[in-house]
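Student: The structure file start.cif (mmCIF, C-alpha atoms and all ligand atoms) is provided below.
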```
data_protein
loop_
_atom_site.label_atom_id
_atom_site.label_comp_id
_atom_site.auth_asym_id
_atom_site.auth_seq_id
_atom_site.Cartn_x
_atom_site.Cartn_y
_atom_site.Cartn_z
CA MET A 40 11.09 118.15 122.39
CA SER A 41 14.48 117.24 123.86
CA PHE A 42 16.20 113.90 124.36
CA ALA A 43 18.24 112.34 127.14
CA SER A 44 21.95 113.03 127.14
CA ARG A 45 22.63 109.29 127.39
CA ILE A 46 21.75 108.88 123.71
CA ALA A 47 23.20 112.15 122.41
CA HIS A 48 26.37 110.36 121.26
CA LEU A 49 24.61 107.61 119.31
CA ARG A 50 25.23 107.39 115.58
CA THR A 51 24.01 104.69 113.23
CA GLU A 52 26.36 101.90 112.11
CA GLY A 53 28.43 102.92 109.08
CA ALA A 54 27.28 99.78 107.25
CA TYR A 55 23.63 100.82 107.42
CA ALA A 56 24.41 104.38 106.29
CA VAL A 57 26.52 103.29 103.30
CA MET A 58 23.99 100.62 102.32
CA ALA A 59 21.24 103.27 102.26
CA GLN A 60 23.45 105.51 100.07
CA ALA A 61 24.22 102.59 97.73
CA GLN A 62 20.53 101.73 97.47
CA ALA A 63 19.71 105.34 96.61
CA LEU A 64 22.21 105.12 93.72
CA GLU A 65 20.66 101.82 92.63
CA ALA A 66 17.25 103.48 92.60
CA GLN A 67 18.74 105.90 90.05
CA GLY A 68 19.72 102.94 87.86
CA ARG A 69 23.38 102.58 88.93
CA GLU A 70 24.83 99.10 89.36
CA ILE A 71 26.54 98.90 92.77
CA ILE A 72 28.66 96.05 94.09
CA HIS A 73 27.99 95.60 97.79
CA LEU A 74 31.16 95.00 99.78
CA GLU A 75 29.93 96.97 102.77
CA ILE A 76 27.57 94.37 104.19
CA GLY A 77 28.38 92.31 107.26
CA GLN A 78 26.22 89.30 106.63
CA PRO A 79 26.66 85.97 104.83
CA ASP A 80 25.22 86.04 101.32
CA PHE A 81 23.76 82.53 101.74
CA ASP A 82 20.22 81.56 102.69
CA THR A 83 19.66 79.99 106.08
CA TYR A 84 20.28 76.24 105.74
CA ALA A 85 17.03 74.46 104.78
CA HIS A 86 16.82 72.08 107.77
CA ILE A 87 16.93 75.10 110.11
CA SER A 88 14.09 76.93 108.35
CA LEU A 89 12.05 73.72 108.25
CA ALA A 90 12.50 73.30 112.02
CA ALA A 91 11.07 76.82 112.50
CA ILE A 92 8.09 76.00 110.29
CA ARG A 93 7.50 72.77 112.22
CA ALA A 94 7.66 74.72 115.50
CA LEU A 95 5.21 77.32 114.21
CA THR A 96 2.70 74.76 112.99
CA SER A 97 2.94 72.76 116.20
CA GLY A 98 2.00 75.71 118.40
CA GLN A 99 5.40 77.01 119.55
CA THR A 100 4.06 80.55 119.33
CA ARG A 101 3.76 81.61 122.97
CA TYR A 102 5.93 83.26 125.61
CA ASN A 103 8.83 81.19 126.90
CA PRO A 104 11.31 81.72 129.78
CA PRO A 105 13.24 85.03 129.38
CA PRO A 106 16.73 83.44 129.22
CA GLY A 107 15.60 80.88 126.64
CA ILE A 108 13.94 77.48 126.26
CA PRO A 109 15.68 74.87 128.43
CA ALA A 110 16.47 72.54 125.50
CA LEU A 111 18.37 75.29 123.66
CA ARG A 112 20.22 76.41 126.80
CA ARG A 113 21.30 72.80 127.40
CA ALA A 114 22.38 72.26 123.80
CA LEU A 115 24.34 75.53 123.72
CA ALA A 116 26.07 74.83 127.04
CA GLU A 117 27.26 71.49 125.71
CA ASP A 118 28.20 72.61 122.20
CA ALA A 119 29.87 75.90 123.18
CA GLY A 120 31.67 74.20 126.08
CA LYS A 121 33.01 71.40 123.89
CA ARG A 122 34.28 73.88 121.30
CA ARG A 123 36.13 75.87 123.97
CA GLY A 124 37.36 72.93 126.03
CA VAL A 125 35.41 73.89 129.16
CA THR A 126 32.24 72.81 130.96
CA PHE A 127 29.33 75.26 130.98
CA ALA A 128 26.11 74.72 132.94
CA PRO A 129 22.85 75.40 131.08
CA GLU A 130 22.05 78.00 133.78
CA GLN A 131 25.00 80.05 132.53
CA VAL A 132 23.50 80.35 129.04
CA VAL A 133 21.31 83.33 128.18
CA VAL A 134 19.47 83.42 124.84
CA ALA A 135 18.48 86.79 123.33
CA PRO A 136 17.13 88.27 120.09
CA GLY A 137 20.55 88.53 118.44
CA ALA A 138 24.02 88.90 119.89
CA LYS A 139 23.55 92.65 120.14
CA PRO A 140 21.33 92.64 123.27
CA LEU A 141 24.12 90.64 124.91
CA LEU A 142 26.51 93.49 124.21
CA PHE A 143 24.09 95.88 125.93
CA LEU A 144 22.35 94.17 128.84
CA PRO A 145 25.41 92.73 130.64
CA LEU A 146 26.96 96.21 130.52
CA LEU A 147 23.86 97.68 132.17
CA ALA A 148 24.19 95.00 134.83
CA ILE A 149 27.86 95.53 135.69
CA LEU A 150 28.80 99.16 134.97
CA ASP A 151 28.34 102.26 137.09
CA GLU A 152 29.17 105.87 136.31
CA GLY A 153 32.92 106.44 136.55
CA ASP A 154 33.77 102.87 135.58
CA GLU A 155 36.13 102.51 132.63
CA VAL A 156 35.79 99.97 129.83
CA ILE A 157 38.66 99.05 127.53
CA TYR A 158 37.52 98.12 124.03
CA PRO A 159 39.21 97.57 120.65
CA ASP A 160 39.58 100.41 118.14
CA PRO A 161 39.03 99.67 115.31
CA GLY A 162 36.12 97.64 116.62
CA PHE A 163 32.42 96.93 116.33
CA PRO A 164 30.65 100.30 116.94
CA THR A 165 28.10 98.82 119.34
CA TYR A 166 30.80 98.46 122.03
CA GLU A 167 31.31 102.20 122.45
CA ALA A 168 27.56 102.86 122.14
CA ALA A 169 26.72 100.32 124.86
CA ILE A 170 29.46 101.58 127.19
CA ARG A 171 28.18 105.15 126.92
CA VAL A 172 24.51 104.23 127.31
CA ALA A 173 25.50 102.33 130.47
CA GLY A 174 27.01 105.59 131.77
CA ALA A 175 30.60 104.34 131.86
CA THR A 176 33.73 105.76 130.22
CA PRO A 177 34.97 104.18 126.98
CA VAL A 178 38.74 103.69 126.77
CA ALA A 179 39.79 102.72 123.25
CA VAL A 180 42.82 100.49 122.78
CA PRO A 181 44.47 100.25 119.34
CA LEU A 182 45.15 97.07 117.39
CA THR A 183 48.39 96.82 115.43
CA GLU A 184 48.45 96.14 111.73
CA GLN A 185 51.96 94.62 111.86
CA THR A 186 50.76 91.80 114.14
CA GLY A 187 47.68 91.03 112.06
CA PHE A 188 45.59 93.37 114.24
CA ASP A 189 46.42 91.82 117.57
CA LEU A 190 46.13 94.02 120.66
CA ASP A 191 48.74 96.76 121.10
CA TRP A 192 50.18 95.55 124.43
CA PRO A 193 51.99 98.72 125.58
CA ALA A 194 48.90 100.82 124.77
CA PHE A 195 46.69 98.30 126.56
CA ASP A 196 48.89 98.31 129.68
CA GLN A 197 48.82 102.12 129.74
CA ARG A 198 45.06 102.19 129.65
CA VAL A 199 44.46 99.78 132.52
CA SER A 200 43.58 101.64 135.72
CA PRO A 201 41.98 100.90 139.08
CA ARG A 202 38.73 102.11 137.49
CA THR A 203 38.86 99.45 134.75
CA ARG A 204 35.70 97.42 135.28
CA LEU A 205 35.44 95.60 131.96
CA ILE A 206 37.66 94.65 129.03
CA ILE A 207 35.94 93.91 125.71
CA LEU A 208 37.64 91.57 123.24
CA ASN A 209 36.53 90.52 119.76
CA SER A 210 38.26 87.59 118.08
CA PRO A 211 38.04 86.91 115.18
CA GLY A 212 37.56 90.63 114.87
CA ASN A 213 35.27 92.94 112.96
CA PRO A 214 36.50 94.95 110.99
CA THR A 215 40.00 93.47 110.74
CA GLY A 216 39.54 89.69 110.52
CA GLY A 217 42.39 89.45 113.04
CA ILE A 218 42.64 86.79 115.74
CA LEU A 219 44.01 87.57 119.20
CA SER A 220 46.97 85.32 120.01
CA GLU A 221 47.04 82.91 122.94
CA ARG A 222 49.79 85.06 124.49
CA THR A 223 47.64 88.18 124.25
CA LEU A 224 44.72 86.39 125.88
CA GLU A 225 46.99 85.17 128.69
CA HIS A 226 48.21 88.73 129.20
CA VAL A 227 44.67 90.17 129.27
CA ALA A 228 43.56 87.39 131.63
CA GLN A 229 46.43 88.20 133.99
CA VAL A 230 45.49 91.89 133.96
CA ALA A 231 41.79 91.09 134.48
CA ARG A 232 42.64 88.94 137.50
CA ASP A 233 45.03 91.60 138.88
CA VAL A 234 42.54 94.47 138.66
CA ASP A 235 39.58 92.17 139.36
CA CYS A 236 37.51 93.19 136.35
CA TRP A 237 35.11 91.51 133.92
CA VAL A 238 35.94 90.44 130.37
CA LEU A 239 33.39 90.36 127.55
CA SER A 240 34.63 88.20 124.72
CA ASP A 241 32.64 88.67 121.50
CA GLU A 242 33.19 85.39 119.64
CA ILE A 243 30.44 85.71 117.04
CA TYR A 244 32.90 84.86 114.23
CA ALA A 245 34.48 81.92 116.08
CA ARG A 246 33.28 79.37 113.52
CA LEU A 247 34.55 81.37 110.54
CA VAL A 248 38.28 80.77 110.88
CA TYR A 249 40.63 79.76 108.09
CA GLU A 250 43.91 78.45 109.45
CA ALA A 251 43.42 77.62 113.11
CA PRO A 252 40.68 78.04 115.71
CA ALA A 253 40.55 81.33 117.60
CA PRO A 254 41.41 80.63 121.24
CA SER A 255 38.87 81.78 123.83
CA ILE A 256 39.89 83.62 126.97
CA VAL A 257 37.19 81.77 128.94
CA SER A 258 39.34 78.61 128.69
CA LEU A 259 42.19 80.17 130.67
CA PRO A 260 42.59 79.47 134.39
CA GLY A 261 40.33 81.55 136.62
CA MET A 262 38.50 83.20 133.73
CA MET A 263 35.22 81.31 133.88
CA ASP A 264 34.17 83.42 136.88
CA ARG A 265 34.70 86.78 135.18
CA THR A 266 34.07 86.20 131.46
CA ILE A 267 30.97 86.84 129.38
CA VAL A 268 31.19 84.94 126.08
CA VAL A 269 28.95 86.45 123.41
CA ASP A 270 28.10 84.33 120.38
CA GLY A 271 25.16 83.84 118.06
CA PHE A 272 23.55 82.29 115.03
CA SER A 273 23.72 85.25 112.63
CA LYS A 274 27.11 84.55 111.08
CA THR A 275 27.58 80.81 111.71
CA TYR A 276 24.23 79.71 110.31
CA ALA A 277 23.40 82.66 107.98
CA MET A 278 20.57 83.76 110.28
CA THR A 279 21.10 87.53 110.56
CA GLY A 280 17.41 88.37 110.16
CA TRP A 281 16.15 85.76 112.59
CA ARG A 282 17.58 87.59 115.60
CA LEU A 283 19.06 84.84 117.72
CA GLY A 284 22.15 85.12 119.88
CA PHE A 285 23.46 83.85 123.18
CA GLY A 286 25.79 84.70 125.99
CA ILE A 287 27.51 82.42 128.47
CA MET A 288 28.44 83.98 131.79
CA PRO A 289 28.77 83.31 135.50
CA GLN A 290 25.41 82.15 136.82
CA PRO A 291 24.80 85.15 139.15
CA LEU A 292 25.11 87.48 136.15
CA ALA A 293 22.89 85.20 134.05
CA GLU A 294 20.23 85.54 136.76
CA ARG A 295 20.40 89.31 136.45
CA MET A 296 20.10 89.00 132.69
CA ASP A 297 16.84 87.18 133.35
CA VAL A 298 15.30 90.29 134.96
CA LEU A 299 16.76 92.66 132.37
CA LEU A 300 15.29 90.49 129.61
CA VAL A 301 11.90 90.26 131.38
CA HIS A 302 11.61 94.04 131.42
CA SER A 303 13.10 94.78 128.00
CA VAL A 304 12.36 92.15 125.35
CA GLY A 305 10.37 89.68 127.48
CA CYS A 306 11.79 86.68 125.72
CA THR A 307 13.19 85.57 122.36
CA ALA A 308 10.72 84.23 119.76
CA THR A 309 9.95 80.61 120.60
CA PHE A 310 9.94 79.16 117.07
CA THR A 311 13.22 80.94 116.34
CA GLN A 312 14.77 79.11 119.26
CA TYR A 313 13.58 75.77 117.89
CA ALA A 314 15.28 76.69 114.64
CA GLY A 315 18.42 77.43 116.68
CA LEU A 316 18.14 74.06 118.37
CA ALA A 317 18.03 72.35 114.97
CA ALA A 318 21.06 74.39 113.93
CA VAL A 319 23.14 73.34 116.93
CA LEU A 320 22.09 69.68 117.02
CA GLY A 321 21.93 69.13 113.25
CA PRO A 322 24.63 68.49 110.63
CA GLN A 323 27.44 71.05 110.49
CA ASP A 324 28.64 70.26 106.97
CA GLN A 325 27.08 73.42 105.49
CA VAL A 326 28.90 75.58 108.05
CA ASP A 327 32.16 73.91 107.00
CA ALA A 328 31.35 74.32 103.29
CA VAL A 329 30.55 78.03 103.72
CA CYS A 330 33.74 78.49 105.69
CA ALA A 331 35.74 76.88 102.85
CA GLU A 332 34.02 79.19 100.35
CA PHE A 333 34.82 82.27 102.47
CA ARG A 334 38.43 81.15 102.62
CA ARG A 335 38.59 80.91 98.81
CA ARG A 336 37.12 84.42 98.53
CA ARG A 337 39.45 85.76 101.17
CA ASP A 338 42.53 84.52 99.30
CA HIS A 339 41.12 85.95 96.08
CA ILE A 340 40.25 89.40 97.40
CA VAL A 341 43.39 89.86 99.47
CA ASN A 342 45.61 88.92 96.52
CA GLY A 343 43.57 91.23 94.30
CA LEU A 344 43.79 94.15 96.74
CA ASN A 345 47.54 93.71 97.17
CA ALA A 346 47.94 93.85 93.39
CA ILE A 347 46.49 97.40 93.33
CA PRO A 348 49.33 99.95 93.54
CA GLY A 349 49.06 101.88 96.82
CA VAL A 350 46.99 99.22 98.62
CA ARG A 351 48.50 96.95 101.30
CA CYS A 352 46.31 94.26 102.79
CA HIS A 353 47.05 91.92 105.66
CA MET A 354 45.70 88.37 105.35
CA PRO A 355 42.73 88.12 107.73
CA ARG A 356 42.48 84.83 109.63
CA GLY A 357 38.75 84.85 110.39
CA ALA A 358 35.36 86.55 109.81
CA PHE A 359 34.64 87.77 106.26
CA TYR A 360 36.32 91.17 106.15
CA ALA A 361 39.56 92.48 104.69
CA PHE A 362 40.97 95.70 106.13
CA PRO A 363 43.34 97.11 103.49
CA ASN A 364 45.67 99.99 104.22
CA VAL A 365 45.12 102.83 101.73
CA GLU A 366 47.23 105.54 103.41
CA ALA A 367 49.31 105.86 100.23
CA PHE A 368 46.46 107.78 98.56
CA GLY A 369 46.88 110.58 101.10
CA ARG A 370 43.15 111.20 101.56
CA PRO A 371 40.77 110.71 104.46
CA VAL A 372 39.19 107.27 104.10
CA GLU A 373 35.67 108.72 104.35
CA GLU A 374 36.43 110.63 101.14
CA LEU A 375 37.99 107.57 99.51
CA ALA A 376 34.99 105.34 100.34
CA GLU A 377 32.64 107.99 98.97
CA TYR A 378 34.75 108.25 95.81
CA LEU A 379 34.71 104.48 95.28
CA LEU A 380 30.94 104.40 95.68
CA GLU A 381 30.27 107.36 93.39
CA GLN A 382 32.93 106.74 90.74
CA ALA A 383 33.41 102.97 90.76
CA GLY A 384 30.03 101.80 92.05
CA VAL A 385 31.71 99.79 94.80
CA ALA A 386 30.34 100.13 98.33
CA VAL A 387 32.97 99.72 101.07
CA LEU A 388 33.22 101.24 104.53
CA PRO A 389 35.78 103.76 105.77
CA GLY A 390 37.84 102.22 108.59
CA THR A 391 36.85 105.18 110.77
CA SER A 392 33.29 103.75 110.96
CA PHE A 393 34.97 101.48 113.52
CA GLY A 394 36.82 104.14 115.51
CA ALA A 395 39.49 106.78 115.01
CA ASN A 396 42.24 104.14 114.71
CA GLY A 397 40.57 102.86 111.55
CA GLN A 398 41.97 105.90 109.70
CA GLY A 399 44.03 104.81 106.68
CA HIS A 400 41.95 101.66 106.13
CA LEU A 401 38.82 100.52 104.31
CA ARG A 402 36.65 97.63 105.42
CA VAL A 403 35.87 95.37 102.52
CA SER A 404 33.40 92.54 103.11
CA TYR A 405 33.90 89.44 100.99
CA ALA A 406 30.40 88.13 101.67
CA ASN A 407 29.80 88.32 97.92
CA SER A 408 30.46 86.05 94.94
CA ILE A 409 33.91 85.65 93.36
CA GLU A 410 32.47 87.15 90.15
CA SER A 411 31.30 90.30 91.98
CA ILE A 412 34.57 90.49 93.90
CA ASP A 413 36.53 90.32 90.61
CA LYS A 414 34.42 93.05 89.09
CA ALA A 415 34.79 95.21 92.20
CA LEU A 416 38.58 94.74 92.25
CA ASP A 417 38.79 95.74 88.63
CA ARG A 418 36.67 98.87 89.16
CA MET A 419 38.57 99.81 92.31
CA ALA A 420 41.96 99.40 90.60
CA ARG A 421 40.90 101.72 87.77
CA ALA A 422 39.31 104.33 90.04
CA LEU A 423 42.29 104.39 92.42
CA ALA A 424 44.78 104.60 89.53
CA ALA A 425 42.93 107.72 88.36
CA LEU A 426 43.78 109.37 91.70
CA GLY A 427 47.46 109.21 90.76
N1 LIG B 1 29.44 91.35 117.22
C1 LIG B 1 30.11 91.60 116.10
C2 LIG B 1 31.58 91.72 116.14
C3 LIG B 1 29.44 91.77 114.88
O1 LIG B 1 30.12 92.04 113.76
C4 LIG B 1 28.02 91.67 114.87
C5 LIG B 1 27.24 91.89 113.62
O2 LIG B 1 27.69 92.43 112.65
C6 LIG B 1 27.36 91.42 116.07
C7 LIG B 1 28.10 91.25 117.23
C8 LIG B 1 25.85 91.37 116.15
O3 LIG B 1 25.33 90.12 115.84
P1 LIG B 1 23.75 89.88 115.78
O4 LIG B 1 23.32 90.14 114.38
O5 LIG B 1 23.58 88.44 116.16
O6 LIG B 1 23.10 90.77 116.77
#
```
In structure tokens, how does this file's structure come out?

Tutor:
Amino acid sequence: MSFASRIAHLRTEGAYAVMAQAQALEAQGREIIHLEIGQPDFDTYAHISLAAIRALTSGQTRYNPPPGIPALRRALAEDAGKRRGVTFAPEQVVVAPGAKPLLFLPLLAILDEGDEVIYPDPGFPTYEAAIRVAGATPVAVPLTEQTGFDLDWPAFDQRVSPRTRLIILNSPGNPTGGILSERTLEHVAQVARDVDCWVLSDEIYARLVYEAPAPSIVSLPGMMDRTIVVDGFSKTYAMTGWRLGFGIMPQPLAERMDVLLVHSVGCTATFTQYAGLAAVLGPQDQVDAVCAEFRRRRDHIVNGLNAIPGVRCHMPRGAFYAFPNVEAFGRPVEELAEYLLEQAGVAVLPGTSFGANGQGHLRVSYANSIESIDKALDRMARALAALG
């Protein structure tokens, strides 16, 4: 049997592959420290889970409108608008089973063959996958380590063409933890207006920021009409397994999402959306507490990594990833990540899991306890010292 060429390029996410490898070692009795995983290590906050149980036991178990229950769309429009200093209409909000469908379906709606899409490299692997499945041409733009992984402006300008139909941004970014500056967003907005293209701004880590909020391009003049904001519950409320995300976009595009959702997933689980409603309308103190804890871990792991000879690590300003530079060891990072897993029992991802420009870096998730981080740093320092 043969398969369609549109999926020939698809590979799994590096995080899933390394986790499977780590689990295989654990099955052999090895103790592995997991720094490869991209999800909060906290349980979903109790009031959110209780709201889901209440919804289940009160009969919220049937189909609901494809773009989401009206109460959640209203609450998200208000909350997301307030946080970004703009006014969204509930009709602009589209709820989906996770943020991931909102990286796929809008691309199917706006891209044709021959269209070009600029996306960050290193960046979340789903961007390139979605661009290719949509039949468009991916155009990777590098981020620069010296600027805390902001966009490389000259490279970006070079890659813009009359065929550019979409620019994908991710801030705070996976895998770097970098935040795009206000100036960069203004520049991208100017370009998007000049070439009349869409912008998809993946802001799923927007609530996990440590010094200052990450500005959103949708707040800039003229950008409301061409921007798709993608956000979700996975990272903010520790709800990765619930599958609940949302996008906010111009209403005509939201209406097309409605039909794409009807024919693909139908709708998002009803009781899950009631849990989401409780998350948005309820107390936010646990989000703030988790953010403070991530900040403590960030400072700890970045200081620890920088103390290892040969490792240089920029201070990330959001998300829960550090992206240390390990070029000094003179080996491909795939080999280095494998070595750390096998020899030190520490699972990290090679930067190249996020694109060719991730060469020379590892992605280290600090969604783990300080104790485990300390142990991992100690093991990594010893294993890397042995490389000479
Ligand atoms: N966007 C980025 C940058 C991510 O890192 C992730 C998950 O790791 C997602 C989107 C997907 O989020 P969800 O689990 O809500 O589909």

Student: Name the residues in contact with Tyr378 in chain A at a cut-off of 12 Å, using only C-alpha atoms, excluding same-chain residues fewer than 6 positions from it; report them as a compact mmCIF listing (two decimals) with C-alpha atoms, in the frame of the given file.

Tutor:
```txt
# COMPACT_ATOMS: atom_id res chain seq x y z
CA ARG A 370 43.15 111.20 101.56
CA PRO A 371 40.77 110.71 104.46
CA VAL A 372 39.19 107.27 104.10
CA GLY A 384 30.03 101.80 92.05
CA VAL A 385 31.71 99.79 94.80
CA ALA A 386 30.34 100.13 98.33
CA VAL A 387 32.97 99.72 101.07
CA LEU A 388 33.22 101.24 104.53
CA PRO A 389 35.78 103.76 105.77
CA ARG A 418 36.67 98.87 89.16
CA MET A 419 38.57 99.81 92.31
CA ALA A 422 39.31 104.33 90.04
CA LEU A 423 42.29 104.39 92.42
CA ALA A 425 42.93 107.72 88.36
CA LEU A 426 43.78 109.37 91.70
```

Student: Counting all atoms listed in the file, which of A:Gly187, A:Pro104, A:Gly343, A:Gly357 gets nearest to ligand LIG 1 (chain B)?

Tutor: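 For ligand LIG 1 (chain B), the nearest of the candidates is A:Gly357.
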
Student: With only C-alpha atoms and all ligand atoms as the atoms that count, which of A:Ile409, A:Ala169, A:Ala175, A:Leu416 lies nearest to ligand LIG 1 (chain B)?

Tutor: A:Ala169

Student: Which of these, A:Ala406, A:Ile287, A:Leu141, A:Val365, has the shortest distance to ligand LIG 1 (chain B) once you count only C-alpha atoms and all ligand atoms?

Tutor: A:Leu141

Student: Counting all atoms listed in the file, figure out which residue out of A:Ala135, A:Ala179, A:Cys352, A:Ile149 gets nearest to ligand LIG 1 (chain B).

Tutor: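 Closest to ligand LIG 1 (chain B), using all atoms listed in the file: A:Ala135.
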
Student: Could you list, as a list in words, every residue within 7 Å of range 396-398 of chain A, counting all atoms listed in the file and ignoring same-chain residues fewer than 4 positions away?

Tutor: Asp160, Pro161, Pro181, Val372, Gly390 and Thr391 of chain A

Student: Produce as an MDAnalysis selection string the set of residues near ligand LIG 1 (chain B), where near means within 10 Å with all atoms listed in the file considered.

Tutor: chainID A and resid 52 54 76:78 135:142 162:166 208:214 216 240:244 269:275 277:285 358:360

Student: So, counting all atoms listed in the file, which residue among A:Ala318, A:Tyr249, A:Ala420, A:Arg101 is closest to Gln382 in chain A?

Tutor: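 With all atoms listed in the file as the atom set, the closest residue is A:Ala420.
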
Student: Which one of A:Ile206, A:Ala424, A:Val172, A:Val403 sits closest to Ala43 in chain A if you count all atoms listed in the file?

Tutor: A:Val172

Student: For the atom pair CA of Asp118 in chain A and CA of Gln99 in chain A, what is the interatomic distance in Å to one decimal place?

Tutor: 23.4 Å

Student: So that I can see what lies close to Gly120 in chain A, please list as a ChimeraX atom specification the residues with an atom at most 12 Å from it, counting only C-alpha atoms and leaving out residues fewer than 5 positions away in the same chain.

Tutor: /A:112-115,125-129,131-132,255,257-258,263,268,287-288

Student: Taking (48.4, 93.3, 118.7) in the coordinates of the supplied file, I want to know which residues reach to within 12 Å of it, counting all atoms listed in the file; could you give the answer as a ChimeraX atom specification?

Tutor: /A:159-161,180-195,208,210,212,215,217-224,226-227

Student: Leaving out Pro260 in chain A and any residue of its chain fewer than 4 positions from it, which residues lie within 10 Å of it when counting all atoms listed in the file, given as a PyMOL selection string?

Tutor: chain A and resi 225+228-229+232+256+264

Student: Counting only C-alpha atoms, what is within 6 Å of Leu239 in chain A, bar same-chain residues fewer than 2 positions away, as a PDB file with C-alpha atoms, in the frame of the given file?

Tutor:
```pdb
ATOM      1  CA  ILE A 207      35.940  93.910 125.710  1.00  0.00           C
ATOM      2  CA  THR A 266      34.070  86.200 131.460  1.00  0.00           C
ATOM      3  CA  ILE A 267      30.970  86.840 129.380  1.00  0.00           C
TER       4      ILE A 267
END
```

Student: CA of Asp80 in chain A and CA of Asn407 in chain A are how many Å apart?

Tutor: 6.1 Å

Student: Please return range 142-153 of chain A, rebuilt to N, CA, C and O atoms, as a short mmCIF file (atom, residue, chain, number, x, y, z; two decimals), keeping the file's coordinate frame.

Tutor:
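To be explicit, this is the file written out as part_0.cif:
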```cif
data_model
loop_
_atom_site.label_atom_id
_atom_site.label_comp_id
_atom_site.auth_asym_id
_atom_site.auth_seq_id
_atom_site.Cartn_x
_atom_site.Cartn_y
_atom_site.Cartn_z
N LEU A 142 25.44 92.49 124.08
CA LEU A 142 26.51 93.49 124.21
C LEU A 142 26.00 94.66 125.04
O LEU A 142 26.79 95.48 125.49
N PHE A 143 24.69 94.77 125.20
CA PHE A 143 24.09 95.88 125.93
C PHE A 143 23.72 95.52 127.37
O PHE A 143 24.14 96.19 128.31
N LEU A 144 22.92 94.46 127.52
CA LEU A 144 22.35 94.17 128.84
C LEU A 144 23.39 93.82 129.90
O LEU A 144 23.30 94.32 131.03
N PRO A 145 24.41 93.00 129.59
CA PRO A 145 25.41 92.73 130.64
C PRO A 145 26.12 94.01 131.09
O PRO A 145 26.46 94.17 132.26
N LEU A 146 26.29 94.96 130.15
CA LEU A 146 26.96 96.21 130.52
C LEU A 146 26.09 97.01 131.48
O LEU A 146 26.59 97.61 132.44
N LEU A 147 24.76 96.99 131.23
CA LEU A 147 23.86 97.68 132.17
C LEU A 147 23.93 97.03 133.54
O LEU A 147 23.75 97.70 134.57
N ALA A 148 24.19 95.73 133.55
CA ALA A 148 24.19 95.00 134.83
C ALA A 148 25.48 95.21 135.63
O ALA A 148 25.46 95.08 136.85
N ILE A 149 26.59 95.51 134.94
CA ILE A 149 27.86 95.53 135.69
C ILE A 149 28.53 96.91 135.78
O ILE A 149 29.42 97.08 136.60
N LEU A 150 28.08 97.88 134.99
CA LEU A 150 28.80 99.16 134.97
C LEU A 150 28.06 100.26 135.73
O LEU A 150 26.84 100.37 135.66
N ASP A 151 28.85 101.06 136.44
CA ASP A 151 28.34 102.26 137.09
C ASP A 151 29.07 103.46 136.51
O ASP A 151 30.12 103.32 135.87
N GLU A 152 28.52 104.64 136.76
CA GLU A 152 29.17 105.87 136.31
C GLU A 152 30.59 105.92 136.90
O GLU A 152 30.78 105.57 138.07
N GLY A 153 31.54 106.35 136.07
CA GLY A 153 32.92 106.44 136.55
C GLY A 153 33.72 105.18 136.25
O GLY A 153 34.95 105.22 136.23
#
```
